[in-house]
Amino acid sequence: MHRRTLSTATALAVLFGSVTLVAAGAGSAAADSSALLPVKSTGDIVVDGVHQRVFISDPTAGQVVVTDYAGKVVATVGSLPGVQGLELSPDSGTLYAALHDGDAVVAIDTAKATETRRWSTGQGGGPAYVALAGGRLWFSYGDGGEGNIGSLDPNAADQGVTLGQDTGRTFYEAPILDASAGAPGTLVAGAPGQSPVELAVYDVSSGTASRTAYRFDPGNTGGGNLQDLAVTPDGRDVVTASGAPYYQAVYKLTDLSADGKYVTNTYPNAVDIAPNGDVAAGTFSWYDPDVHVFKPGTSIPLKQYDFPNTGTSSGADTLAPAGLAWAPDESRLFAISENDSNVYSLRVLDAPTKTSTTLTATAPATAARAKSLTLTGTLSSSAAFPAGTKVSVTRTDDESPSGKPLGTATVAADGSYSFTDAPPAGGKVTYTVVYAGDSNRAGATASASTTVAKTATTLTLNNNGKVYDYGRDVTFTAHLGTTYKNRTVEIWADPYGSDKPSTLVKKGTVNSAGDLSATVHLTRDTKVSAKFTGDTRYAPKTVTNSVYTRVKISTSLSGYYKSATAWKQKYYYFRKSKDPVHNTTMSMYPGRKHQLQVQRYSDGAWRTTTAEYFALDRYGKDAVTLDGTPPVGPRFRVRSSYIDSKSGDNVNTTTYGAWKYFVFTR
């Protein structure tokens with residue numbers, strides 16, 4: 001069924017995504033990632049270490065799905081009816097697959113993920129499992145009392161398929177097959193789903209299958225429902241996974257006598273063995289760990305993994321039958337899980353043979369820049385750390401956004417460590433602590449952040465509160481005090497009114513005196529700001545001044561018959577029968593009005609007789625006729641003004657127009 005004594009390809013370091021499994025039990029650990037699988041079912045899983053690919057058969061959809069080591073689907077091989085068992089060639093160049101519903105065995109190029117050859121096995125009771133042994137490819141086939149074993153030479157030019165190799169007619173239906181390089185010329189078979197378990201061993205070194213060992217209910221456990229089996233790399237034993245008893249039983253290949261057990265929990269359904277003999281044992285467990293990793297011959301799991309619940313039932317996701325496969329370099333263990341909605345995931349368990357390590361890091365919430373702070377934490381594992389164990393510390397801040405290595409801290413006997421640093425930059429500072437791991441313990445990473453206060457600088461801007469005439473070009477000067485590296489200042493102008501946004505007038509480096517000047521053309525009241533964006537050591541700062549701008553007003557009188565200087569002013573003379581017209585032109589803004597004010601000189605003082613608001617047209621113009629029956633002789637004056645807020649808007653400061661003096665004659 002599985003052949004996991006694969007190539008010795010060099011491992012690539014692959015960085016996976018978010019944690020998706022929660023570990024439990026002895027030597028608990030967390031899995032690194034998981035990815036959804038586009039399958040309707042699963043039959044078998046093998047790992048190609050040369051190309052770093054994972055192959056998963058999907059009997060229902062008739063396909064083999066190919067993923068990378070992160071679980072990303074990179075290819076799909078279709079038109080494989082009922083594809084079940086998979087086997088990888090020793091050079092990882094070819095994947096062999098049994099097509100139960102296609103009555104054939106196929107060869108697939110692992111690099112190209114394309115079918116290269118197909119061997120027909122005859123109609124009915126098609127192949128179910130495959131294994132390489134004795135220089136031939138062996139396959140099991142047959143249903144309903146016709147279970148048997150066949151073989152073919154994968155290197156021969158002709159089809160060369162030989163059926164009926166199990167002359168003892170041992171199995172009711174196609175048995176599960178496996179072999180190991182540690183037992184060349186030996187093939188192991190087991191009856192799937194049957195109770196009690198039935199196993200057989202064959203010598204296939206001659207090209208034909210000769211049964212050398214057989215057991216019905218080996219170990220006399222009464223257990224059954226065999227789901228998976230794997231031969232140890234040394235060729236000594238076969239390890240089985242059956243629904244009962246609740247452990248992965250071990251049997252000698254010589255006579256199938258009991259040779260130990262790997263105690264897991266309810267309903268064992270998968271087993272795979274790494275090239276160094278480490279055992280991955282799987283169980284169908286809604287409420288208990290699903291994957292159990294053992295060192296060879298040990299009784300206590302090194303690690304256990306409990307799948308999360310991604311479905312809708314109370315029970316968590318479960319391991320698919322025969323759903324475990326080691327990477328050849330043992331850096332990863334791949335597991336197929338299924339939820340109650342028949343959604344499958346490929347779960348990637350990182351460093352499965354190493355004891356889990358827990359690392360913590362704590363930093364002060366706040367700190368002063370360039371002052372010492374102490375980072376503390378703990379390192380723990382179920383296996384004691386040797387004296388002198390160290391963790392490395394890296395600081396990431398605005399001055400070192402890619403991280404700056406700071407050195408190492410020695411872990412004390414109680415697992416604690418401390419590290420002192422004086423952060424040079426302000427803002428968020430993150431310390432990353434790394435334990436690299438060793439041959440027995442997995443690495444771990446922890447981080448802690450602190451907020452480092454930045455130093456305040458001075459920033460000033462002149463002209464605050466001043467009033468200017470309409471259209472005046474005014475120079476504003478910002479002065480920047482001491483900073484670290486950033487000597488850039490921005491000057492912004494924000495005229496009153498929603499129709500004119502704040503605009504950057506100038507951005508530049510201050511001169512040697514710390515000054516930067518910019519000229520602003522004023523037509524409205526304006527907020528002028530100087531901004532320093534800060535640097536790694538000094539805090540940002542903004543100062544905002546308000547300056548005020550008058551409107552532009554031009555007025556005239558029409559209809560007079562003469563003008564002359566009198567009472568030290570220029571007077572306009574109107575006939576009593578002629579109504580004066582007061583003309584106003586004012587800088588325009590939508591909805592703007594001007595205030596028309598008329599005064600009469602009486603009892604030694606100017607006294608207001610009329611003060612009314614009149615709308616300006618879209619050009620800022622208006623003409624008001626002063627009608628009525630005026631008295632002859634008294635002096636009058638008139639003016640137009642902009643009154644902030646009362647003239648319809650507030651974008652300028654109050655501006656009074658010049659008086660126009662006039663008098664009526666007969």
# chains A, B, ... in the order shown; residues from 1 in each chain; ligands from 1
call {"tool": "residues_around", "arguments": {"residues": "range 105-107 of chain A", "least_positions_apart": "4", "cutoff": "8 Å", "atoms": "only C-alpha atoms", "output": "PyMOL selection string"}}
result
chain A and resi 94-99+115-121+127
call {"tool": "closest_atom_pairs", "arguments": {"of": "range 91-185 of chain A", "to": "range 269-282 of chain A", "cutoff": "12 Å", "atoms": "only C-alpha atoms", "output": "tab-separated table"}}
result
residue	atom	partner	partner_atom	distance
A:Asp178	CA	A:Asp272	CA	10.7
A:Ala179	CA	A:Ile273	CA	11.6
A:Ser180	CA	A:Pro275	CA	9.9
A:Ala181	CA	A:Pro275	CA	10.0
A:Gly182	CA	A:Pro275	CA	10.1
call {"tool": "write_last_selection", "arguments": {"atoms": "N, CA, C and O atoms", "output": "mmCIF file, in the first residue's frame"}}
result
data_model
loop_
_atom_site.group_PDB
_atom_site.id
_atom_site.type_symbol
_atom_site.label_atom_id
_atom_site.label_comp_id
_atom_site.auth_asym_id
_atom_site.auth_seq_id
_atom_site.Cartn_x
_atom_site.Cartn_y
_atom_site.Cartn_z
ATOM 1 N N ASP A 178 1.940 -3.974 1.720
ATOM 2 C CA ASP A 178 3.069 -3.098 2.026
ATOM 3 C C ASP A 178 4.346 -3.913 1.988
ATOM 4 O O ASP A 178 4.325 -5.152 2.080
ATOM 5 N N ALA A 179 5.461 -3.175 1.828
ATOM 6 C CA ALA A 179 6.772 -3.804 1.783
ATOM 7 C C ALA A 179 7.788 -2.810 2.298
ATOM 8 O O ALA A 179 7.506 -1.624 2.464
ATOM 9 N N SER A 180 9.009 -3.290 2.547
ATOM 10 C CA SER A 180 10.058 -2.436 3.081
ATOM 11 C C SER A 180 11.392 -2.839 2.486
ATOM 12 O O SER A 180 11.662 -4.034 2.268
ATOM 13 N N ALA A 181 12.249 -1.838 2.245
ATOM 14 C CA ALA A 181 13.585 -2.121 1.739
ATOM 15 C C ALA A 181 14.394 -2.923 2.740
ATOM 16 O O ALA A 181 15.379 -3.581 2.386
ATOM 17 N N GLY A 182 13.981 -2.869 4.018
ATOM 18 C CA GLY A 182 14.683 -3.645 5.034
ATOM 19 C C GLY A 182 14.400 -5.128 4.953
ATOM 20 O O GLY A 182 15.087 -5.923 5.595
#
call {"tool": "closest_atom_pairs", "arguments": {"of": "range 310-417 of chain A", "to": "range 214-238 of chain A", "cutoff": "10 Å", "atoms": "only C-alpha atoms", "output": "CSV"}}
result
residue,atom,partner,partner_atom,distance
A:Ala320,CA,A:Gln227,CA,9.9
A:Pro321,CA,A:Gln227,CA,6.1
A:Ala322,CA,A:Asp228,CA,5.4
A:Gly323,CA,A:Asp228,CA,9.1
A:Leu324,CA,A:Asp228,CA,9.8
call {"tool": "write_last_selection", "arguments": {"atoms": "C-alpha atoms", "output": "PDB file, in the first residue's frame"}}
result
ATOM      1  CA  ALA A 320      -9.170   9.734   7.422  1.00  0.00           C
ATOM      2  CA  PRO A 321      -8.395   5.983   7.229  1.00  0.00           C
ATOM      3  CA  ALA A 322      -4.771   5.407   6.147  1.00  0.00           C
ATOM      4  CA  GLY A 323      -4.433   9.202   6.249  1.00  0.00           C
ATOM      5  CA  LEU A 324      -0.867   9.560   7.559  1.00  0.00           C
TER       6      LEU A 324
END
call {"tool": "residues_around", "arguments": {"residues": "Thr378 in chain A", "least_positions_apart": "2", "cutoff": "12 Å", "atoms": "only C-alpha atoms", "output": "number ranges by chain"}}
result
A: 357-362, 375-376, 380-381, 385, 389-391, 409-419, 433-435, 444-447
call {"tool": "write_last_selection", "arguments": {"atoms": "C-alpha atoms", "output": "tab-separated table (two decimals), in the first residue's frame"}}
result
chain	number	residue	atom	x	y	z
A	357	THR	CA	9.02	23.76	23.44
A	358	THR	CA	7.19	26.69	25.01
A	359	LEU	CA	8.83	30.10	25.00
A	360	THR	CA	7.45	33.29	26.54
A	361	ALA	CA	8.61	36.89	26.46
A	362	THR	CA	7.51	39.90	28.51
A	375	LEU	CA	13.03	41.71	28.77
A	376	THR	CA	12.11	38.54	30.67
A	380	SER	CA	10.09	25.09	28.99
A	381	SER	CA	9.76	21.59	27.60
A	385	PHE	CA	17.42	21.65	28.72
A	389	THR	CA	21.04	26.80	26.70
A	390	LYS	CA	20.62	30.18	25.05
A	391	VAL	CA	17.91	32.16	23.33
A	409	ALA	CA	20.46	35.37	26.85
A	410	THR	CA	21.35	32.29	28.89
A	411	VAL	CA	18.46	30.24	30.23
A	412	ALA	CA	18.68	29.55	33.96
A	413	ALA	CA	18.07	26.16	35.53
A	414	ASP	CA	14.45	27.11	36.27
A	415	GLY	CA	13.88	28.03	32.60
A	416	SER	CA	13.91	31.78	33.11
A	417	TYR	CA	15.98	34.30	31.20
A	418	SER	CA	16.42	38.07	31.11
A	419	PHE	CA	17.92	40.50	28.65
A	433	VAL	CA	13.16	35.81	21.18
A	434	VAL	CA	14.11	32.59	19.40
A	435	TYR	CA	15.10	29.19	20.72
A	444	ALA	CA	10.19	28.14	19.51
A	445	THR	CA	9.65	31.84	19.04
A	446	ALA	CA	8.09	34.49	21.28
A	447	SER	CA	7.78	38.25	21.03
call {"tool": "residues_around", "arguments": {"residues": "Ser645 in chain A", "least_positions_apart": "2", "cutoff": "12 Å", "atoms": "only C-alpha atoms", "output": "list of chain:residue names"}}
result
A:Gly591, A:Arg592, A:Lys593, A:His594, A:Gln595, A:Tyr642, A:Ile643, A:Ser647, A:Gly648, A:Asp649, A:Asn650, A:Val651, A:Asn652, A:Thr653, A:Thr654, A:Thr655
call {"tool": "decode", "arguments": {"residues": "range 592-633 of chain A", "atoms": "N, CA and C atoms", "output": "PDB file, in the first residue's frame"}}
result
ATOM      1  N   ARG A 592     -23.036  85.747  -0.617  1.00  0.00           N
ATOM      2  CA  ARG A 592     -22.512  86.896   0.132  1.00  0.00           C
ATOM      3  C   ARG A 592     -23.415  88.123  -0.033  1.00  0.00           C
ATOM      4  N   LYS A 593     -23.531  88.909   1.047  1.00  0.00           N
ATOM      5  CA  LYS A 593     -24.271  90.174   1.068  1.00  0.00           C
ATOM      6  C   LYS A 593     -23.356  91.265   1.608  1.00  0.00           C
ATOM      7  N   HIS A 594     -23.675  92.503   1.257  1.00  0.00           N
ATOM      8  CA  HIS A 594     -22.934  93.615   1.835  1.00  0.00           C
ATOM      9  C   HIS A 594     -23.883  94.425   2.722  1.00  0.00           C
ATOM     10  N   GLN A 595     -23.306  95.030   3.712  1.00  0.00           N
ATOM     11  CA  GLN A 595     -24.100  95.888   4.593  1.00  0.00           C
ATOM     12  C   GLN A 595     -24.004  97.330   4.076  1.00  0.00           C
ATOM     13  N   LEU A 596     -25.149  97.910   3.762  1.00  0.00           N
ATOM     14  CA  LEU A 596     -25.203  99.317   3.338  1.00  0.00           C
ATOM     15  C   LEU A 596     -25.601 100.161   4.552  1.00  0.00           C
ATOM     16  N   GLN A 597     -24.737 101.077   4.894  1.00  0.00           N
ATOM     17  CA  GLN A 597     -24.971 101.917   6.073  1.00  0.00           C
ATOM     18  C   GLN A 597     -25.012 103.394   5.655  1.00  0.00           C
ATOM     19  N   VAL A 598     -26.099 104.131   6.003  1.00  0.00           N
ATOM     20  CA  VAL A 598     -26.249 105.560   5.699  1.00  0.00           C
ATOM     21  C   VAL A 598     -26.264 106.325   7.024  1.00  0.00           C
ATOM     22  N   GLN A 599     -25.486 107.400   7.087  1.00  0.00           N
ATOM     23  CA  GLN A 599     -25.443 108.235   8.291  1.00  0.00           C
ATOM     24  C   GLN A 599     -25.700 109.712   7.930  1.00  0.00           C
ATOM     25  N   ARG A 600     -26.280 110.428   8.898  1.00  0.00           N
ATOM     26  CA  ARG A 600     -26.542 111.870   8.758  1.00  0.00           C
ATOM     27  C   ARG A 600     -25.812 112.588   9.888  1.00  0.00           C
ATOM     28  N   TYR A 601     -25.212 113.712   9.499  1.00  0.00           N
ATOM     29  CA  TYR A 601     -24.500 114.492  10.517  1.00  0.00           C
ATOM     30  C   TYR A 601     -25.514 115.378  11.225  1.00  0.00           C
ATOM     31  N   SER A 602     -25.613 115.163  12.562  1.00  0.00           N
ATOM     32  CA  SER A 602     -26.627 115.895  13.320  1.00  0.00           C
ATOM     33  C   SER A 602     -26.115 116.144  14.722  1.00  0.00           C
ATOM     34  N   ASP A 603     -26.318 117.368  15.184  1.00  0.00           N
ATOM     35  CA  ASP A 603     -25.922 117.740  16.540  1.00  0.00           C
ATOM     36  C   ASP A 603     -24.459 117.407  16.801  1.00  0.00           C
ATOM     37  N   GLY A 604     -23.621 117.651  15.815  1.00  0.00           N
ATOM     38  CA  GLY A 604     -22.179 117.502  15.981  1.00  0.00           C
ATOM     39  C   GLY A 604     -21.660 116.088  15.876  1.00  0.00           C
ATOM     40  N   ALA A 605     -22.480 115.134  15.389  1.00  0.00           N
ATOM     41  CA  ALA A 605     -22.020 113.747  15.278  1.00  0.00           C
ATOM     42  C   ALA A 605     -22.726 113.046  14.124  1.00  0.00           C
ATOM     43  N   TRP A 606     -22.040 112.023  13.612  1.00  0.00           N
ATOM     44  CA  TRP A 606     -22.650 111.197  12.568  1.00  0.00           C
ATOM     45  C   TRP A 606     -23.543 110.157  13.218  1.00  0.00           C
ATOM     46  N   ARG A 607     -24.793 110.134  12.718  1.00  0.00           N
ATOM     47  CA  ARG A 607     -25.770 109.217  13.307  1.00  0.00           C
ATOM     48  C   ARG A 607     -26.376 108.352  12.194  1.00  0.00           C
ATOM     49  N   THR A 608     -26.437 107.014  12.469  1.00  0.00           N
ATOM     50  CA  THR A 608     -26.922 106.070  11.454  1.00  0.00           C
ATOM     51  C   THR A 608     -28.418 106.212  11.276  1.00  0.00           C
ATOM     52  N   THR A 609     -28.793 106.343  10.013  1.00  0.00           N
ATOM     53  CA  THR A 609     -30.219 106.394   9.675  1.00  0.00           C
ATOM     54  C   THR A 609     -30.696 105.094   9.038  1.00  0.00           C
ATOM     55  N   THR A 610     -29.784 104.391   8.379  1.00  0.00           N
ATOM     56  CA  THR A 610     -30.148 103.134   7.698  1.00  0.00           C
ATOM     57  C   THR A 610     -28.953 102.177   7.757  1.00  0.00           C
ATOM     58  N   ALA A 611     -29.207 100.868   8.021  1.00  0.00           N
ATOM     59  CA  ALA A 611     -28.183  99.814   7.945  1.00  0.00           C
ATOM     60  C   ALA A 611     -28.881  98.537   7.496  1.00  0.00           C
ATOM     61  N   GLU A 612     -28.758  98.230   6.237  1.00  0.00           N
ATOM     62  CA  GLU A 612     -29.437  97.065   5.666  1.00  0.00           C
ATOM     63  C   GLU A 612     -28.437  96.221   4.868  1.00  0.00           C
ATOM     64  N   TYR A 613     -28.785  94.891   4.698  1.00  0.00           N
ATOM     65  CA  TYR A 613     -27.942  93.963   3.916  1.00  0.00           C
ATOM     66  C   TYR A 613     -28.579  93.736   2.561  1.00  0.00           C
ATOM     67  N   PHE A 614     -27.725  93.774   1.527  1.00  0.00           N
ATOM     68  CA  PHE A 614     -28.180  93.571   0.153  1.00  0.00           C
ATOM     69  C   PHE A 614     -27.293  92.510  -0.501  1.00  0.00           C
ATOM     70  N   ALA A 615     -27.942  91.616  -1.242  1.00  0.00           N
ATOM     71  CA  ALA A 615     -27.205  90.521  -1.876  1.00  0.00           C
ATOM     72  C   ALA A 615     -26.375  91.035  -3.049  1.00  0.00           C
ATOM     73  N   LEU A 616     -25.208  90.434  -3.197  1.00  0.00           N
ATOM     74  CA  LEU A 616     -24.355  90.703  -4.353  1.00  0.00           C
ATOM     75  C   LEU A 616     -24.680  89.719  -5.452  1.00  0.00           C
ATOM     76  N   ASP A 617     -24.489  90.146  -6.693  1.00  0.00           N
ATOM     77  CA  ASP A 617     -24.693  89.195  -7.784  1.00  0.00           C
ATOM     78  C   ASP A 617     -23.466  88.290  -7.889  1.00  0.00           C
ATOM     79  N   ARG A 618     -23.478  87.414  -8.877  1.00  0.00           N
ATOM     80  CA  ARG A 618     -22.410  86.421  -8.961  1.00  0.00           C
ATOM     81  C   ARG A 618     -21.055  87.039  -9.278  1.00  0.00           C
ATOM     82  N   TYR A 619     -21.058  88.304  -9.671  1.00  0.00           N
ATOM     83  CA  TYR A 619     -19.802  88.996  -9.926  1.00  0.00           C
ATOM     84  C   TYR A 619     -19.364  89.834  -8.729  1.00  0.00           C
ATOM     85  N   GLY A 620     -20.144  89.766  -7.636  1.00  0.00           N
ATOM     86  CA  GLY A 620     -19.826  90.549  -6.450  1.00  0.00           C
ATOM     87  C   GLY A 620     -20.255  91.999  -6.556  1.00  0.00           C
ATOM     88  N   LYS A 621     -21.239  92.298  -7.388  1.00  0.00           N
ATOM     89  CA  LYS A 621     -21.664  93.684  -7.608  1.00  0.00           C
ATOM     90  C   LYS A 621     -23.087  93.907  -7.123  1.00  0.00           C
ATOM     91  N   ASP A 622     -23.357  95.187  -6.771  1.00  0.00           N
ATOM     92  CA  ASP A 622     -24.715  95.578  -6.392  1.00  0.00           C
ATOM     93  C   ASP A 622     -24.827  97.103  -6.521  1.00  0.00           C
ATOM     94  N   ALA A 623     -26.020  97.571  -6.849  1.00  0.00           N
ATOM     95  CA  ALA A 623     -26.299  99.019  -6.928  1.00  0.00           C
ATOM     96  C   ALA A 623     -27.576  99.294  -6.147  1.00  0.00           C
ATOM     97  N   VAL A 624     -27.496 100.220  -5.180  1.00  0.00           N
ATOM     98  CA  VAL A 624     -28.639 100.542  -4.331  1.00  0.00           C
ATOM     99  C   VAL A 624     -29.029 102.010  -4.572  1.00  0.00           C
ATOM    100  N   THR A 625     -30.287 102.215  -4.920  1.00  0.00           N
ATOM    101  CA  THR A 625     -30.814 103.576  -5.124  1.00  0.00           C
ATOM    102  C   THR A 625     -31.353 104.119  -3.807  1.00  0.00           C
ATOM    103  N   LEU A 626     -30.873 105.299  -3.431  1.00  0.00           N
ATOM    104  CA  LEU A 626     -31.327 105.941  -2.193  1.00  0.00           C
ATOM    105  C   LEU A 626     -32.495 106.871  -2.547  1.00  0.00           C
ATOM    106  N   ASP A 627     -33.695 106.351  -2.462  1.00  0.00           N
ATOM    107  CA  ASP A 627     -34.851 107.149  -2.892  1.00  0.00           C
ATOM    108  C   ASP A 627     -35.531 107.799  -1.692  1.00  0.00           C
ATOM    109  N   GLY A 628     -36.550 108.556  -1.970  1.00  0.00           N
ATOM    110  CA  GLY A 628     -37.274 109.264  -0.928  1.00  0.00           C
ATOM    111  C   GLY A 628     -37.241 110.781  -1.183  1.00  0.00           C
ATOM    112  N   THR A 629     -37.609 111.534  -0.161  1.00  0.00           N
ATOM    113  CA  THR A 629     -37.611 113.005  -0.267  1.00  0.00           C
ATOM    114  C   THR A 629     -36.575 113.550   0.702  1.00  0.00           C
ATOM    115  N   PRO A 630     -35.370 113.766   0.224  1.00  0.00           N
ATOM    116  CA  PRO A 630     -34.285 114.159   1.127  1.00  0.00           C
ATOM    117  C   PRO A 630     -34.370 115.645   1.468  1.00  0.00           C
ATOM    118  N   PRO A 631     -33.867 115.981   2.642  1.00  0.00           N
ATOM    119  CA  PRO A 631     -33.811 117.400   3.021  1.00  0.00           C
ATOM    120  C   PRO A 631     -32.626 118.088   2.337  1.00  0.00           C
ATOM    121  N   VAL A 632     -32.750 119.344   2.064  1.00  0.00           N
ATOM    122  CA  VAL A 632     -31.684 120.130   1.441  1.00  0.00           C
ATOM    123  C   VAL A 632     -30.807 120.709   2.530  1.00  0.00           C
ATOM    124  N   GLY A 633     -29.475 120.504   2.380  1.00  0.00           N
ATOM    125  CA  GLY A 633     -28.538 121.116   3.303  1.00  0.00           C
ATOM    126  C   GLY A 633     -27.816 120.165   4.221  1.00  0.00           C
TER     127      GLY A 633
END
